[in-house]
Amino acid sequence: MTQDDLRPAALASKAWPFEEARKLLARWPDGKPDGAPILFETGYGPSGLPHIGTFQEVLRTTMVRRAFATLSDQPTRLLAFSDDMDGLRKVPDNVPNGAMLAEHLGKPLTRIPDPFGKHDSFAAHNNARLRAFLDRFGFDYEFASSTDYYAAGRFDEALRGVLRHYAEIMAVMLPTLGAERRATYSPVLPISPSTGIVLQVPVEVVDAEAGTIAFDDAGTRVEQSVLGGLAKLQWKPDWGMRWAALGVDYEMHGKDLIDSAALGGRICRILGGRKPETLVYELFLDDTGQKISKSKGNGLSIEQWLDNGPEESLAYYIYREPKRAKQLHLGVIPRAVDDYWKSVADHAAQPLDQRLSNPVHHIHDGAVPDSVPPVPFGLLLNLVGVLGAGATEEQVRGYLGRYLPAAQASDPALTALVPFAIRYHASAVAPTLHRRAPDAREAEALRLFDDGLATLSADASAEDLQTLVYETGKTVFGKEALRDWFKALYETLLGSSQGPRMGSFVALYGIAETRALIAEALAR
C-alpha cells in the first residue's frame, strides 16, 4: 500500500499517534522555514538508571514521528536529550558505591566518577545504558548531551537572552516558589570555580551581551561568564530555553510536569521561541500504585520485562492508552504478549481505518508480521507450570511437537516464546503456585472428568476435550455454576485461580498426563 493510499485514511484516523501528528501539520501547514526538519525531542535525567518510563517516551514519540511521516513529506529529526549537566542532588538507592557518590553531591553528573567503574562518569554510564537500549530497538534518533551543548557554546546566544530578559524570567518563576526559596533563587546556576559544584545562589547580571554574572562563592565575590559551560540553567528555565534555542516542535511529558511545562512555555516565548506541541501522558505505577521513580528503582525495569517477554509485548503495552495510568509489574506481561499477537492476527482482515488504529501498525510502522504463534503464551505458561521447576526448552518443544503439526511446532515466533515462558514461570508464577485439595463436589467432578478422558483417544481434538470439560461441569455443577468448575480445575490441577481453555491445555499436555494430575489432586 502506497503513501497516497494511506494518507487520506491517516488524516481522519482517531489513533492517538495520528491525532498528535495532525497538531504538527497545523503548526507548520507549509513546512518550516527553509525546509528545516520538524524537531521532536525527548528528555532524560541520568541521575538514576534508565527505566521503562524513560523508554516509553522515546517509543511513543517515535510513533508520532512515524505517523507524521505518513501525513507529510516534511523532514523530521528526533533528539534524545540528556540533562547530564544537572548537579547530583541525592544518592540513588539502586546503584553501588553510594559513599563515593555522596562525596560528589552537587557536582554535574558528567563530573562524577562512574560508581560501576565502566565509564568516564556517572552520566556517561547511564547515557550508555539508555543509548544501548534505544539502539536495540532500532530507533532513529540523535543523542544530545546537555554538558556537550553548554560547553560547545550551542546555548550561548540563548543564555545571553536569559540575561537580557532576567527580570522577566524571574517574574515568571518567583510566584511559584516559597518565601525562603525566593530569597536565594536564580534561574542561572554558575559552576563554582573552586569546588566544581553547581551553585544555587543569587546572581547579578553584570553584562548581558558579554554573558557575565557575579555571585558569592563561599564568601568570595566572583565575576564569571555563563558561556561555554561555566553555568547552566535551573531545569524549568532550561527546558524553555532549550525549546527556544533548538526550535523544538514536539515534546510529550508526564502528567506530573503540566505546571513545569507551562512555565517552560512562558520562558520559551520570552526568549522569542514557540512552545512545542505536546501530549500529556499518565504515569506508570508499581504494583502498589506508587509512581515509578528512577532513583528508587521501583516498578519494573527494562531488563526484567525483556527477560520475561518479547520486545513487541513491551511496545504493545506502552502504546495502549497513554492518557490512562497503568501499573507496571511482572503480572501484566502475559496478557500483553497474548494481546499483542491477537492484534497481529486481527490486522490483515481489518479495513484500512481499523488497521491504522491497531497498535501493531504503529509498533511495526505498517510492516506487521503475517503469522501468529499457534499456541498462546498463557497456555505455554500453564504447560511449563505442570512440567515443574526443572522444565527445559527441549521438554516444552517436545510437548508442542506432539500436539502440533511439524510446521506449526517449529514456528519461529512460538519457538521464541518458549524461553520467555520458562523464565516468567520461574520468576513470577512458581513462587505463587499452590495446588489445593478439591472439596467433595469438586472431587466428584474430577472423577467424572477422568472417566471421560479414559474413553478418548490420545489424539482427541481440543474441541472434543473442551466439550467433555463443559459436559462434566454441567452434570456436577450445573450450567449456571460452570465458572466454579473452571476455577476448581485451575486451582486443583494448575495451582492458580485463572487459566486457559482446559480442552486446549489437555490436548497440549496429553490425556495421560492430565489424568495423572487429576490422580494427584484426588490424593491430596
# chains A, B, ... in the order shown; residues from 1 in each chain; ligands from 1

$ select_by_dssp --residues "segment 99-301 of chain A" --states "helix (DSSP H, G or I)" --output "tab-separated table (two decimals) with N, CA and C atoms, in the first residue's frame"
chain	number	residue	atom	x	y	z
A	99	ALA	N	28.68	5.67	49.02
A	99	ALA	CA	29.53	6.57	49.80
A	99	ALA	C	30.39	7.43	48.90
A	100	MET	N	30.91	6.85	47.82
A	100	MET	CA	31.70	7.63	46.88
A	100	MET	C	30.85	8.70	46.22
A	101	LEU	N	29.63	8.32	45.80
A	101	LEU	CA	28.75	9.30	45.17
A	101	LEU	C	28.43	10.44	46.13
A	102	ALA	N	28.27	10.12	47.41
A	102	ALA	CA	27.93	11.15	48.39
A	102	ALA	C	29.01	12.23	48.47
A	109	LEU	N	26.61	15.71	36.79
A	109	LEU	CA	26.68	14.25	36.66
A	109	LEU	C	27.83	13.81	35.78
A	110	THR	N	28.23	14.66	34.84
A	110	THR	CA	29.33	14.30	33.95
A	110	THR	C	30.70	14.48	34.62
A	111	ARG	N	30.73	15.04	35.84
A	111	ARG	CA	31.99	15.21	36.56
A	111	ARG	C	32.08	14.30	37.78
A	122	PHE	N	29.43	9.09	35.92
A	122	PHE	CA	28.14	8.51	36.24
A	122	PHE	C	27.15	8.78	35.11
A	123	ALA	N	27.16	10.00	34.58
A	123	ALA	CA	26.27	10.32	33.47
A	123	ALA	C	26.59	9.47	32.24
A	124	ALA	N	27.88	9.30	31.95
A	124	ALA	CA	28.27	8.50	30.78
A	124	ALA	C	27.76	7.07	30.90
A	125	HIS	N	27.80	6.52	32.12
A	125	HIS	CA	27.30	5.16	32.32
A	125	HIS	C	25.81	5.08	32.02
A	126	ASN	N	25.03	5.99	32.60
A	126	ASN	CA	23.59	5.94	32.41
A	126	ASN	C	23.19	6.33	31.00
A	127	ASN	N	23.90	7.28	30.40
A	127	ASN	CA	23.65	7.61	28.99
A	127	ASN	C	23.90	6.41	28.09
A	128	ALA	N	24.96	5.67	28.39
A	128	ALA	CA	25.28	4.48	27.58
A	128	ALA	C	24.19	3.43	27.71
A	129	ARG	N	23.66	3.26	28.92
A	129	ARG	CA	22.58	2.30	29.11
A	129	ARG	C	21.36	2.70	28.28
A	130	LEU	N	21.04	3.98	28.31
A	130	LEU	CA	19.89	4.44	27.54
A	130	LEU	C	20.10	4.23	26.05
A	131	ARG	N	21.27	4.64	25.56
A	131	ARG	CA	21.54	4.53	24.12
A	131	ARG	C	21.56	3.07	23.68
A	132	ALA	N	22.13	2.20	24.49
A	132	ALA	CA	22.17	0.78	24.13
A	132	ALA	C	20.76	0.23	23.98
A	133	PHE	N	19.88	0.64	24.87
A	133	PHE	CA	18.52	0.13	24.78
A	133	PHE	C	17.79	0.71	23.58
A	134	LEU	N	17.95	2.02	23.34
A	134	LEU	CA	17.31	2.62	22.18
A	134	LEU	C	17.84	2.00	20.89
A	135	ASP	N	19.13	1.72	20.87
A	135	ASP	CA	19.74	1.10	19.69
A	135	ASP	C	19.20	-0.32	19.49
A	136	ARG	N	18.97	-1.01	20.58
A	136	ARG	CA	18.45	-2.38	20.47
A	136	ARG	C	17.11	-2.40	19.74
A	146	SER	N	23.53	17.51	27.44
A	146	SER	CA	23.45	18.89	27.92
A	146	SER	C	24.83	19.47	28.16
A	147	THR	N	25.71	18.68	28.77
A	147	THR	CA	27.07	19.15	29.03
A	147	THR	C	27.76	19.55	27.73
A	148	ASP	N	27.64	18.69	26.71
A	148	ASP	CA	28.29	18.99	25.42
A	148	ASP	C	27.71	20.25	24.80
A	149	TYR	N	26.39	20.41	24.86
A	149	TYR	CA	25.77	21.58	24.24
A	149	TYR	C	26.17	22.86	24.96
A	150	TYR	N	26.18	22.85	26.30
A	150	TYR	CA	26.61	24.04	27.03
A	150	TYR	C	28.09	24.33	26.77
A	151	ALA	N	28.94	23.30	26.88
A	151	ALA	CA	30.39	23.51	26.74
A	151	ALA	C	30.78	23.97	25.35
A	156	ASP	N	24.92	29.49	23.95
A	156	ASP	CA	25.45	30.78	24.39
A	156	ASP	C	24.53	31.94	24.05
A	157	GLU	N	24.00	31.99	22.83
A	157	GLU	CA	23.15	33.10	22.47
A	157	GLU	C	21.85	33.08	23.27
A	158	ALA	N	21.32	31.88	23.51
A	158	ALA	CA	20.12	31.77	24.34
A	158	ALA	C	20.41	32.21	25.78
A	159	LEU	N	21.61	31.90	26.28
A	159	LEU	CA	21.98	32.33	27.63
A	159	LEU	C	22.10	33.85	27.70
A	160	ARG	N	22.62	34.47	26.66
A	160	ARG	CA	22.63	35.93	26.63
A	160	ARG	C	21.19	36.46	26.70
A	161	GLY	N	20.30	35.77	25.98
A	161	GLY	CA	18.88	36.16	26.02
A	161	GLY	C	18.31	36.04	27.42
A	162	VAL	N	18.70	35.01	28.15
A	162	VAL	CA	18.24	34.85	29.54
A	162	VAL	C	18.70	36.04	30.38
A	163	LEU	N	19.96	36.46	30.19
A	163	LEU	CA	20.45	37.60	30.96
A	163	LEU	C	19.76	38.89	30.54
A	164	ARG	N	19.50	39.04	29.24
A	164	ARG	CA	18.78	40.24	28.78
A	164	ARG	C	17.39	40.32	29.40
A	166	TYR	N	16.36	38.78	32.17
A	166	TYR	CA	16.48	38.19	33.51
A	166	TYR	C	15.30	38.56	34.39
A	167	ALA	N	14.92	39.84	34.40
A	167	ALA	CA	13.82	40.28	35.27
A	167	ALA	C	12.50	39.64	34.87
A	168	GLU	N	12.27	39.49	33.55
A	168	GLU	CA	11.03	38.87	33.09
A	168	GLU	C	10.97	37.40	33.51
A	169	ILE	N	12.08	36.71	33.38
A	169	ILE	CA	12.10	35.29	33.75
A	169	ILE	C	11.93	35.13	35.26
A	170	MET	N	12.56	36.02	36.03
A	170	MET	CA	12.36	35.98	37.49
A	170	MET	C	10.89	36.22	37.83
A	171	ALA	N	10.23	37.09	37.07
A	171	ALA	CA	8.81	37.38	37.33
A	171	ALA	C	7.94	36.16	37.04
A	172	VAL	N	8.37	35.30	36.13
A	172	VAL	CA	7.65	34.06	35.86
A	172	VAL	C	7.88	33.05	36.99
A	173	MET	N	9.12	32.94	37.44
A	173	MET	CA	9.47	31.87	38.36
A	173	MET	C	9.16	32.18	39.82
A	174	LEU	N	9.39	33.40	40.27
A	174	LEU	CA	9.29	33.69	41.71
A	174	LEU	C	7.92	33.39	42.30
A	175	PRO	N	6.80	33.69	41.60
A	175	PRO	CA	5.50	33.39	42.21
A	175	PRO	C	5.25	31.91	42.45
A	176	THR	N	6.04	31.05	41.84
A	176	THR	CA	5.86	29.60	42.00
A	176	THR	C	6.65	29.05	43.18
A	179	ALA	N	8.64	31.44	50.16
A	179	ALA	CA	9.36	32.66	50.56
A	179	ALA	C	10.85	32.42	50.72
A	180	GLU	N	11.23	31.33	51.37
A	180	GLU	CA	12.64	31.06	51.61
A	180	GLU	C	13.38	30.82	50.30
A	181	ARG	N	12.76	30.07	49.41
A	181	ARG	CA	13.40	29.79	48.12
A	181	ARG	C	13.51	31.05	47.27
A	182	ARG	N	12.49	31.89	47.32
A	182	ARG	CA	12.52	33.14	46.53
A	182	ARG	C	13.70	34.01	46.91
A	183	ALA	N	14.09	33.95	48.18
A	183	ALA	CA	15.15	34.84	48.66
A	183	ALA	C	16.50	34.54	48.02
A	184	THR	N	16.71	33.32	47.59
A	184	THR	CA	18.03	32.95	47.04
A	184	THR	C	17.95	32.46	45.60
A	235	TRP	N	16.25	23.70	35.99
A	235	TRP	CA	15.71	22.79	34.97
A	235	TRP	C	14.47	23.33	34.27
A	236	LYS	N	13.61	24.08	34.98
A	236	LYS	CA	12.42	24.61	34.31
A	236	LYS	C	12.79	25.70	33.30
A	237	PRO	N	13.58	26.70	33.68
A	237	PRO	CA	14.05	27.65	32.67
A	237	PRO	C	14.89	26.98	31.57
A	238	ASP	N	15.65	25.95	31.95
A	238	ASP	CA	16.46	25.24	30.96
A	238	ASP	C	15.58	24.60	29.90
A	239	TRP	N	14.48	24.03	30.33
A	239	TRP	CA	13.55	23.38	29.40
A	239	TRP	C	13.03	24.40	28.38
A	240	GLY	N	12.55	25.54	28.87
A	240	GLY	CA	12.04	26.56	27.97
A	240	GLY	C	13.13	27.15	27.09
A	241	MET	N	14.32	27.37	27.65
A	241	MET	CA	15.45	27.89	26.86
A	241	MET	C	15.79	26.93	25.74
A	242	ARG	N	15.81	25.64	26.06
A	242	ARG	CA	16.18	24.64	25.06
A	242	ARG	C	15.16	24.61	23.92
A	243	TRP	N	13.87	24.69	24.26
A	243	TRP	CA	12.85	24.74	23.21
A	243	TRP	C	13.10	25.91	22.27
A	244	ALA	N	13.43	27.07	22.84
A	244	ALA	CA	13.66	28.26	22.01
A	244	ALA	C	14.95	28.15	21.22
A	245	ALA	N	16.02	27.70	21.88
A	245	ALA	CA	17.34	27.65	21.22
A	245	ALA	C	17.38	26.65	20.08
A	246	LEU	N	16.71	25.52	20.27
A	246	LEU	CA	16.78	24.44	19.27
A	246	LEU	C	15.61	24.45	18.30
A	255	LYS	N	2.02	13.67	33.28
A	255	LYS	CA	1.02	14.48	33.96
A	255	LYS	C	1.63	15.29	35.11
A	256	ASP	N	2.69	14.75	35.71
A	256	ASP	CA	3.31	15.44	36.84
A	256	ASP	C	4.07	16.70	36.43
A	257	LEU	N	4.25	16.92	35.14
A	257	LEU	CA	5.03	18.07	34.67
A	257	LEU	C	4.17	19.13	33.97
A	258	ILE	N	2.86	19.06	34.15
A	258	ILE	CA	1.98	20.02	33.48
A	258	ILE	C	2.35	21.46	33.85
A	259	ASP	N	2.49	21.74	35.14
A	259	ASP	CA	2.81	23.10	35.56
A	259	ASP	C	4.21	23.52	35.10
A	260	SER	N	5.15	22.58	35.18
A	260	SER	CA	6.52	22.90	34.76
A	260	SER	C	6.58	23.21	33.27
A	261	ALA	N	5.83	22.45	32.47
A	261	ALA	CA	5.81	22.69	31.03
A	261	ALA	C	5.18	24.05	30.72
A	262	ALA	N	4.17	24.43	31.49
A	262	ALA	CA	3.56	25.74	31.28
A	262	ALA	C	4.57	26.86	31.55
A	263	LEU	N	5.36	26.71	32.62
A	263	LEU	CA	6.40	27.70	32.92
A	263	LEU	C	7.45	27.71	31.81
A	264	GLY	N	7.86	26.52	31.39
A	264	GLY	CA	8.83	26.44	30.31
A	264	GLY	C	8.33	27.11	29.04
A	265	GLY	N	7.04	26.95	28.75
A	265	GLY	CA	6.46	27.59	27.58
A	265	GLY	C	6.51	29.11	27.66
A	266	ARG	N	6.24	29.66	28.85
A	266	ARG	CA	6.29	31.11	29.02
A	266	ARG	C	7.72	31.62	28.82
A	267	ILE	N	8.69	30.90	29.36
A	267	ILE	CA	10.09	31.31	29.21
A	267	ILE	C	10.53	31.18	27.76
A	268	CYS	N	10.07	30.13	27.10
A	268	CYS	CA	10.37	29.95	25.67
A	268	CYS	C	9.89	31.16	24.87
A	269	ARG	N	8.69	31.62	25.17
A	269	ARG	CA	8.15	32.78	24.44
A	269	ARG	C	8.91	34.06	24.77
A	270	ILE	N	9.32	34.23	26.02
A	270	ILE	CA	10.13	35.40	26.40
A	270	ILE	C	11.41	35.45	25.58

$ closest_residue --among "A:Ala67, A:Leu387, A:Ile213, A:Ile197" --to "Lys107 of chain A" --atoms "only C-alpha atoms"
A:Ile197

$ residues_around --residues "segment 457-460 of chain A" --least-positions-apart "5" --cutoff "12 Å" --atoms "only C-alpha atoms" --output "VMD selection string"
chain A and resid 402 to 404 452 465 to 468 503 to 504 506 to 515

$ residues_around --residues "Glu491 of chain A" --least-positions-apart "4" --cutoff "7 Å" --atoms "only C-alpha atoms" --output "mmCIF file with C-alpha atoms, in the first residue's frame"
data_model
loop_
_atom_site.group_PDB
_atom_site.id
_atom_site.type_symbol
_atom_site.label_atom_id
_atom_site.label_comp_id
_atom_site.auth_asym_id
_atom_site.auth_seq_id
_atom_site.Cartn_x
_atom_site.Cartn_y
_atom_site.Cartn_z
ATOM 1 C CA ARG A 435 -2.404 -26.768 44.129
ATOM 2 C CA ARG A 436 -5.102 -27.181 46.733
ATOM 3 C CA LYS A 487 -11.852 -22.301 38.845
ATOM 4 C CA GLY A 495 -2.273 -24.145 41.104
ATOM 5 C CA SER A 496 -3.679 -20.767 40.054
ATOM 6 C CA SER A 497 -7.073 -19.058 40.115
#

$ closest_atom_pairs --of "segment 63-142 of chain A" --to "segment 361-372 of chain A" --cutoff "10 Å" --atoms "only C-alpha atoms" --output "CSV"
residue,atom,partner,partner_atom,distance
A:Met63,CA,A:His362,CA,5.9
A:Val64,CA,A:His362,CA,8.8
A:Arg66,CA,A:Asp365,CA,6.9
A:Ala67,CA,A:His362,CA,7.9
A:Thr70,CA,A:Asp365,CA,9.7

$ write_last_selection --atoms "all heavy atoms" --output "JSON list (two decimals), in the first residue's frame"
[["chain", "number", "residue", "atom", "x", "y", "z"],
["A", 63, "MET", "N", 6.50, 6.88, 17.52],
["A", 63, "MET", "CA", 5.23, 6.55, 16.87],
["A", 63, "MET", "C", 4.56, 7.80, 16.28],
["A", 63, "MET", "O", 3.99, 7.74, 15.19],
["A", 63, "MET", "CB", 4.31, 5.85, 17.87],
["A", 63, "MET", "CG", 4.76, 4.44, 18.24],
["A", 63, "MET", "SD", 3.74, 3.71, 19.55],
["A", 63, "MET", "CE", 4.41, 2.04, 19.60],
["A", 64, "VAL", "N", 4.62, 8.91, 17.00],
["A", 64, "VAL", "CA", 4.08, 10.16, 16.47],
["A", 64, "VAL", "C", 4.89, 10.62, 15.26],
["A", 64, "VAL", "O", 4.33, 11.07, 14.25],
["A", 64, "VAL", "CB", 4.07, 11.26, 17.56],
["A", 64, "VAL", "CG1", 3.57, 12.58, 16.98],
["A", 64, "VAL", "CG2", 3.21, 10.84, 18.73],
["A", 66, "ARG", "N", 6.55, 8.74, 13.15],
["A", 66, "ARG", "CA", 6.19, 7.89, 12.01],
["A", 66, "ARG", "C", 4.83, 8.27, 11.46],
["A", 66, "ARG", "O", 4.62, 8.28, 10.23],
["A", 66, "ARG", "CB", 6.19, 6.43, 12.45],
["A", 66, "ARG", "CG", 7.56, 5.84, 12.75],
["A", 66, "ARG", "CD", 7.39, 4.47, 13.39],
["A", 66, "ARG", "NE", 8.65, 3.79, 13.61],
["A", 66, "ARG", "CZ", 8.77, 2.68, 14.34],
["A", 66, "ARG", "NH1", 7.69, 2.14, 14.91],
["A", 66, "ARG", "NH2", 9.95, 2.10, 14.50],
["A", 67, "ALA", "N", 3.89, 8.56, 12.36],
["A", 67, "ALA", "CA", 2.56, 8.97, 11.91],
["A", 67, "ALA", "C", 2.65, 10.27, 11.11],
["A", 67, "ALA", "O", 1.97, 10.41, 10.08],
["A", 67, "ALA", "CB", 1.63, 9.15, 13.11],
["A", 70, "THR", "N", 3.63, 9.70, 7.63],
["A", 70, "THR", "CA", 2.52, 9.24, 6.79],
["A", 70, "THR", "C", 1.69, 10.41, 6.29],
["A", 70, "THR", "O", 1.18, 10.39, 5.17],
["A", 70, "THR", "CB", 1.62, 8.27, 7.59],
["A", 70, "THR", "OG1", 2.41, 7.17, 8.05],
["A", 70, "THR", "CG2", 0.49, 7.73, 6.72]]

$ residues_around --residues "segment 412-429 of chain A" --least-positions-apart "3" --cutoff "6 Å" --atoms "only C-alpha atoms" --output "VMD selection string"
chain A and resid 308 to 309 373 381 432

$ write_last_selection --atoms "N, CA and C atoms" --output "mmCIF file, in the first residue's frame"
data_model
loop_
_atom_site.group_PDB
_atom_site.id
_atom_site.type_symbol
_atom_site.label_atom_id
_atom_site.label_comp_id
_atom_site.auth_asym_id
_atom_site.auth_seq_id
_atom_site.Cartn_x
_atom_site.Cartn_y
_atom_site.Cartn_z
ATOM 1 N N ASN A 308 11.433 -11.605 30.485
ATOM 2 C CA ASN A 308 10.220 -12.399 30.677
ATOM 3 C C ASN A 308 9.204 -12.286 29.549
ATOM 4 N N GLY A 309 9.431 -11.381 28.593
ATOM 5 C CA GLY A 309 8.511 -11.213 27.475
ATOM 6 C C GLY A 309 9.227 -10.557 26.309
ATOM 7 N N PRO A 373 1.871 -17.164 16.488
ATOM 8 C CA PRO A 373 2.173 -18.464 17.087
ATOM 9 C C PRO A 373 0.899 -19.299 17.222
ATOM 10 N N LEU A 381 2.552 -21.019 29.440
ATOM 11 C CA LEU A 381 2.857 -20.873 30.860
ATOM 12 C C LEU A 381 2.234 -22.006 31.672
ATOM 13 N N THR A 432 4.142 -18.443 43.529
ATOM 14 C CA THR A 432 2.758 -18.256 43.982
ATOM 15 C C THR A 432 1.890 -19.498 43.788
#

$ residues_around --residues "segment 276-286 of chain A" --least-positions-apart "5" --cutoff "9 Å" --atoms "only C-alpha atoms" --output "ChimeraX atom specification"
/A:20,23-24,27,40,52-53,243,247-258,265,291-292,298-300,321-329

$ write_last_selection --atoms "N, CA, C and O atoms" --output "CSV table (one decimal), in the first residue's frame"
chain,number,residue,atom,x,y,z
A,20,GLU,N,-1.9,13.2,17.3
A,20,GLU,CA,-0.8,14.1,17.7
A,20,GLU,C,0.0,14.6,16.4
A,20,GLU,O,0.4,15.8,16.4
A,23,LYS,N,-1.4,17.8,14.9
A,23,LYS,CA,-1.1,19.0,15.6
A,23,LYS,C,0.1,19.7,14.9
A,23,LYS,O,0.2,20.9,14.7
A,24,LEU,N,1.0,18.9,14.4
A,24,LEU,CA,2.2,19.4,13.8
A,24,LEU,C,1.9,19.9,12.4
A,24,LEU,O,2.5,20.8,11.9
A,27,ARG,N,0.6,23.2,12.9
A,27,ARG,CA,1.6,24.1,13.4
A,27,ARG,C,2.4,24.6,12.2
A,27,ARG,O,2.8,25.8,12.1
A,40,PHE,N,11.5,16.7,16.9
A,40,PHE,CA,10.9,16.0,18.0
A,40,PHE,C,12.0,15.9,19.1
A,40,PHE,O,13.2,15.7,18.8
A,52,ILE,N,11.6,1.9,32.2
A,52,ILE,CA,10.6,1.8,31.1
A,52,ILE,C,9.9,3.2,31.0
A,52,ILE,O,9.5,3.6,29.9
A,53,GLY,N,9.8,4.0,32.1
A,53,GLY,CA,9.2,5.3,32.0
A,53,GLY,C,10.0,6.2,31.0
A,53,GLY,O,9.4,7.0,30.3
A,243,TRP,N,13.9,24.7,24.3
A,243,TRP,CA,12.8,24.7,23.2
A,243,TRP,C,13.1,25.9,22.3
A,243,TRP,O,13.0,25.8,21.1
A,247,GLY,N,14.6,25.2,18.6
A,247,GLY,CA,13.4,25.2,17.8
A,247,GLY,C,12.6,23.9,17.8
A,247,GLY,O,12.2,23.3,16.8
A,248,VAL,N,12.4,23.4,19.1
A,248,VAL,CA,11.7,22.1,19.3
A,248,VAL,C,10.2,22.3,18.9
A,248,VAL,O,9.6,23.2,19.3
A,249,ASP,N,9.7,21.3,18.1
A,249,ASP,CA,8.3,21.4,17.7
A,249,ASP,C,7.4,20.4,18.5
A,249,ASP,O,6.2,20.7,18.5
A,250,TYR,N,8.0,19.4,19.0
A,250,TYR,CA,7.1,18.4,19.7
A,250,TYR,C,7.9,17.7,20.9
A,250,TYR,O,9.0,17.2,20.7
A,251,GLU,N,7.3,17.8,22.0
A,251,GLU,CA,7.9,17.0,23.2
A,251,GLU,C,6.7,16.7,24.1
A,251,GLU,O,6.0,17.5,24.6
A,252,MET,N,6.5,15.4,24.3
A,252,MET,CA,5.5,14.9,25.3
A,252,MET,C,6.1,14.9,26.7
A,252,MET,O,7.3,14.9,26.9
A,253,HIS,N,5.2,14.9,27.7
A,253,HIS,CA,5.7,14.8,29.0
A,253,HIS,C,4.6,14.2,29.9
A,253,HIS,O,3.4,14.1,29.5
A,254,GLY,N,4.9,13.8,31.1
A,254,GLY,CA,4.0,13.2,32.0
A,254,GLY,C,3.1,14.2,32.7
A,254,GLY,O,3.3,15.4,32.7
A,255,LYS,N,2.0,13.7,33.3
A,255,LYS,CA,1.0,14.5,34.0
A,255,LYS,C,1.6,15.3,35.1
A,255,LYS,O,1.2,16.4,35.4
A,256,ASP,N,2.7,14.8,35.7
A,256,ASP,CA,3.3,15.4,36.8
A,256,ASP,C,4.1,16.7,36.4
A,256,ASP,O,4.5,17.5,37.3
A,257,LEU,N,4.3,16.9,35.1
A,257,LEU,CA,5.0,18.1,34.7
A,257,LEU,C,4.2,19.1,34.0
A,257,LEU,O,4.7,20.0,33.3
A,258,ILE,N,2.9,19.1,34.2
A,258,ILE,CA,2.0,20.0,33.5
A,258,ILE,C,2.3,21.5,33.8
A,258,ILE,O,2.5,22.3,33.0
A,265,GLY,N,7.0,27.0,28.8
A,265,GLY,CA,6.5,27.6,27.6
A,265,GLY,C,6.5,29.1,27.7
A,265,GLY,O,6.8,29.8,26.7
A,291,LYS,N,4.0,5.9,42.0
A,291,LYS,CA,4.7,6.4,40.8
A,291,LYS,C,6.1,5.8,40.7
A,291,LYS,O,6.8,5.7,41.7
A,292,ILE,N,6.4,5.3,39.5
A,292,ILE,CA,7.8,4.7,39.3
A,292,ILE,C,8.8,5.8,39.4
A,292,ILE,O,8.6,6.9,38.8
A,298,ASN,N,11.9,1.4,41.8
A,298,ASN,CA,10.7,0.6,41.9
A,298,ASN,C,10.0,0.3,40.6
A,298,ASN,O,10.4,0.9,39.6
A,299,GLY,N,9.0,-0.5,40.6
A,299,GLY,CA,8.4,-0.8,39.3
A,299,GLY,C,9.2,-1.9,38.6
A,299,GLY,O,9.9,-2.7,39.3
A,300,LEU,N,9.1,-1.9,37.3
A,300,LEU,CA,9.7,-3.0,36.5
A,300,LEU,C,10.7,-2.4,35.6
A,300,LEU,O,10.5,-1.4,35.0
A,321,GLU,N,-3.4,3.4,25.4
A,321,GLU,CA,-4.0,4.4,26.3
A,321,GLU,C,-3.0,5.2,27.0
A,321,GLU,O,-2.9,5.1,28.3
A,322,PRO,N,-2.2,6.0,26.3
A,322,PRO,CA,-1.2,6.8,27.0
A,322,PRO,C,-1.7,7.8,28.1
A,322,PRO,O,-1.0,8.2,28.9
A,323,LYS,N,-3.0,8.1,28.0
A,323,LYS,CA,-3.6,9.1,28.9
A,323,LYS,C,-4.2,8.4,30.1
A,323,LYS,O,-4.9,9.0,30.9
A,324,ARG,N,-4.0,7.1,30.3
A,324,ARG,CA,-4.5,6.4,31.4
A,324,ARG,C,-3.4,5.8,32.2
A,324,ARG,O,-2.5,5.2,31.7
A,325,ALA,N,-3.4,6.0,33.6
A,325,ALA,CA,-2.4,5.4,34.5
A,325,ALA,C,-2.5,3.9,34.4
A,325,ALA,O,-3.6,3.3,34.5
A,326,LYS,N,-1.3,3.3,34.3
A,326,LYS,CA,-1.3,1.8,34.3
A,326,LYS,C,-0.2,1.3,35.2
A,326,LYS,O,0.9,1.9,35.3
A,327,GLN,N,-0.5,0.2,35.9
A,327,GLN,CA,0.5,-0.5,36.7
A,327,GLN,C,1.5,-1.2,35.8
A,327,GLN,O,1.1,-1.8,34.8
A,328,LEU,N,2.7,-1.2,36.3
A,328,LEU,CA,3.8,-1.9,35.5
A,328,LEU,C,4.5,-2.8,36.4
A,328,LEU,O,5.4,-2.4,37.2
A,329,HIS,N,4.2,-4.1,36.3
A,329,HIS,CA,4.9,-5.1,37.1
A,329,HIS,C,4.8,-6.4,36.3
A,329,HIS,O,4.2,-6.5,35.2

$ residues_around --residues "Ala12 of chain A" --least-positions-apart "6" --cutoff "9 Å" --atoms "only C-alpha atoms" --output "MDAnalysis selection string"
chainID A and resid 18:19 353

$ closest_residue --among "A:Lys32, A:Lys14, A:Lys474, A:His51" --to "Gln354 of chain A" --atoms "only C-alpha atoms"
A:Lys14

$ closest_residue --among "A:Val396, A:Leu306, A:Ala521, A:Ala36" --to "Ala445 of chain A" --atoms "only C-alpha atoms"
A:Ala521

$ closest_residue --among "A:Val201, A:Leu233, A:Ala208, A:Val344" --to "Asp83 of chain A" --atoms "only C-alpha atoms"
A:Leu233

$ select_by_dssp --residues "segment 141-171 of chain A" --states "strand (DSSP E or B)" --output "number ranges by chain"
A: 142-145

$ write_last_selection --atoms "N, CA, C and O atoms" --output "short mmCIF file (atom, residue, chain, number, x, y, z; two decimals), in the first residue's frame"
data_model
loop_
_atom_site.label_atom_id
_atom_site.label_comp_id
_atom_site.auth_asym_id
_atom_site.auth_seq_id
_atom_site.Cartn_x
_atom_site.Cartn_y
_atom_site.Cartn_z
N GLU A 142 18.96 11.06 17.43
CA GLU A 142 20.26 11.67 17.65
C GLU A 142 20.39 11.91 19.15
O GLU A 142 19.52 12.52 19.76
N PHE A 143 21.46 11.43 19.73
CA PHE A 143 21.68 11.63 21.16
C PHE A 143 22.33 12.98 21.39
O PHE A 143 23.23 13.39 20.65
N ALA A 144 21.87 13.70 22.42
CA ALA A 144 22.44 15.00 22.74
C ALA A 144 22.71 15.08 24.24
O ALA A 144 21.88 14.68 25.05
N SER A 145 23.88 15.58 24.57
CA SER A 145 24.30 15.75 25.96
C SER A 145 24.22 17.23 26.33
O SER A 145 24.78 18.09 25.64
#

$ closest_residue --among "A:Pro187, A:Gly138, A:Gly473, A:Pro431" --to "Leu446 of chain A" --atoms "only C-alpha atoms"
A:Gly473

$ decode --residues "segment 57-61 of chain A" --atoms "C-alpha atoms" --output "CSV table (one decimal), in the first residue's frame"
chain,number,residue,atom,x,y,z
A,57,GLU,CA,8.7,8.5,25.9
A,58,VAL,CA,11.1,7.7,23.1
A,59,LEU,CA,8.9,4.9,21.7
A,60,ARG,CA,5.7,7.0,21.8
A,61,THR,CA,7.4,10.0,20.3
